[in-house]
Structure formats: C-alpha cells, structure tokens
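Below is the file upload-v9.pdb, which contains PDB, C-alpha atoms.
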```pdb
ATOM      1  CA  TYR A 186      -8.237  -2.703  10.884
ATOM      2  CA  VAL A 187     -11.355  -1.281   9.223
ATOM      3  CA  PRO A 188     -14.478  -3.449   9.204
ATOM      4  CA  LEU A 189     -15.946  -4.385   5.834
ATOM      5  CA  PHE A 190     -19.310  -2.747   6.512
ATOM      6  CA  PHE A 191     -17.498   0.615   6.608
ATOM      7  CA  PHE A 192     -16.832   0.293   2.848
ATOM      8  CA  GLN A 193     -20.109  -1.407   1.976
ATOM      9  CA  HIS A 194     -21.833   1.788   0.784
ATOM     10  CA  LEU A 195     -18.893   2.440  -1.556
ATOM     11  CA  ILE A 196     -18.921  -1.035  -3.035
ATOM     12  CA  TYR A 197     -22.707  -1.545  -3.172
ATOM     13  CA  PRO A 198     -24.264   1.915  -3.595
ATOM     14  CA  SER A 199     -27.426   0.608  -5.280
ATOM     15  CA  ASN A 200     -27.334  -3.201  -5.253
ATOM     16  CA  HIS A 201     -24.686  -3.090  -8.007
ATOM     17  CA  LEU A 202     -20.970  -3.371  -7.573
ATOM     18  CA  ASN A 203     -19.158  -0.062  -7.886
ATOM     19  CA  TYR A 204     -16.136  -1.275  -9.829
ATOM     20  CA  THR A 205     -14.572   2.190  -9.908
ATOM     21  CA  ALA A 206     -14.498   2.330  -6.111
ATOM     22  CA  ILE A 207     -13.235  -1.248  -5.868
ATOM     23  CA  TRP A 208     -10.354  -0.593  -8.287
ATOM     24  CA  ALA A 209      -9.485   2.647  -6.481
ATOM     25  CA  LEU A 210      -9.360   0.825  -3.125
ATOM     26  CA  LEU A 211      -7.262  -1.985  -4.597
ATOM     27  CA  GLY A 212      -4.879   0.520  -6.161
ATOM     28  CA  THR A 213      -4.406   2.336  -2.863
ATOM     29  CA  LEU A 214      -3.878  -0.920  -0.982
ATOM     30  CA  SER A 215      -1.377  -2.052  -3.590
ATOM     31  CA  GLN A 216       0.644   1.151  -3.220
ATOM     32  CA  GLU A 217       0.634   0.902   0.578
ATOM     33  CA  LEU A 218       1.718  -2.735   0.523
ATOM     34  CA  GLN A 219       4.473  -2.042  -1.978
ATOM     35  CA  ALA A 220       5.775   0.787   0.209
ATOM     36  CA  LEU A 221       5.904  -1.608   3.168
ATOM     37  CA  ILE A 222       7.891  -4.306   1.377
ATOM     38  CA  GLU A 223      10.074  -2.101  -0.815
ATOM     39  CA  HIS A 224      13.740  -2.060   0.105
ATOM     40  CA  PRO A 225      14.942   1.305   1.390
ATOM     41  CA  ASN A 226      17.235   3.227  -0.943
ATOM     42  CA  GLY A 227      18.274   5.987   1.440
ATOM     43  CA  THR A 228      16.294   8.772  -0.218
ATOM     44  CA  LYS A 229      13.957  11.168   1.545
ATOM     45  CA  THR A 230      10.894   9.323   0.177
ATOM     46  CA  ASN A 231      12.227   5.852   1.022
ATOM     47  CA  PRO A 232      14.707   6.199   3.895
ATOM     48  CA  ALA A 233      16.416   3.404   5.759
ATOM     49  CA  ALA A 234      15.904   3.098   9.510
ATOM     50  CA  THR A 235      19.585   2.291  10.073
ATOM     51  CA  CYS A 236      22.820   2.222   8.109
ATOM     52  CA  LYS A 237      22.860  -1.553   8.464
ATOM     53  CA  GLU A 238      19.421  -1.823   6.861
ATOM     54  CA  LEU A 239      20.654   0.214   3.896
ATOM     55  CA  MET A 240      23.806  -1.901   3.637
ATOM     56  CA  LEU A 241      21.785  -5.141   3.658
ATOM     57  CA  ALA A 242      19.367  -3.863   1.019
ATOM     58  CA  HIS A 243      22.085  -2.421  -1.253
ATOM     59  CA  PRO A 244      25.498  -3.968  -0.541
ATOM     60  CA  SER A 245      27.041  -2.362  -3.640
ATOM     61  CA  LEU A 246      26.448   1.223  -2.462
ATOM     62  CA  PRO A 247      29.581   3.092  -1.338
ATOM     63  CA  ASP A 248      30.070   4.084   2.296
ATOM     64  CA  GLY A 249      29.214   7.570   3.422
TER      65      GLY A 249
END
```

Structure translated into structure tokens:
Amino acid sequence: YVPLFFFQHLIYPSNHLNYTAIWALLGTLSQELQALIEHPNGTKTNPAATCKELMLAHPSLPDG
C-alpha cells in the first residue's frame, strides 16, 4: 500500500492536474491488475503454479 500523498506531487505539480502522469499510473495499474487475474497459459511469461491450475484454466490442452 502506498499512501496518496506519495503521488500528490505527480498529480498536482502546480495546482493543475497532471493528466499525463494520471494516465501513466492508470495504465500501469491496469497492466498489473490484468496480470493478476489473467489465466495462466503455461508459458515463461505467464506460468501456472501447478499442473492442476493449468488444467483448470485450459481443459482442452493436451497432457505433457
């Protein structure tokens, strides 16, 4: 957890909203959240923790 005041200078650098910084933060958060909820596919970038997890996410994949 990061407190809001930590980002305050990025969002309000001069009493105006810094929309570029806000969109960049939202984009990063979106990517991190998607990575957390994305089903594993067994690749190096998105591995499964167990074989059962991979089977539940993709029942049509062949064994092995």

Original post:
Quick one: residues within 12 Å of Pro244 of chain A, all atoms listed in the file counted, chain neighbours fewer than 5 positions away excluded, as a PyMOL selection string?
Top reply: chain A and resi 224-226+236-239

Original post:
Can you tell me how far atom CA of Thr235 of chain A sits from atom CA of Ile222 of chain A, in Å to one decimal?
Top reply: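 Between these atoms lies a distance of 16.0 Å.
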
Original post:
Please, what distance in Å, to one decimal, runs between atom CA of Thr205 of chain A and atom CA of Thr230 of chain A?
Top reply: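 Atom-to-atom, atom CA of Thr205 of chain A and atom CA of Thr230 of chain A are spaced 28.3 Å apart.
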
**OP:** For atom CA of Leu241 of chain A and atom CA of Gly227 of chain A, quote the distance in Å rounded to one decimal.
**Re:**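 Interatomic distance, atom CA of Leu241 of chain A to atom CA of Gly227 of chain A: 11.9 Å.
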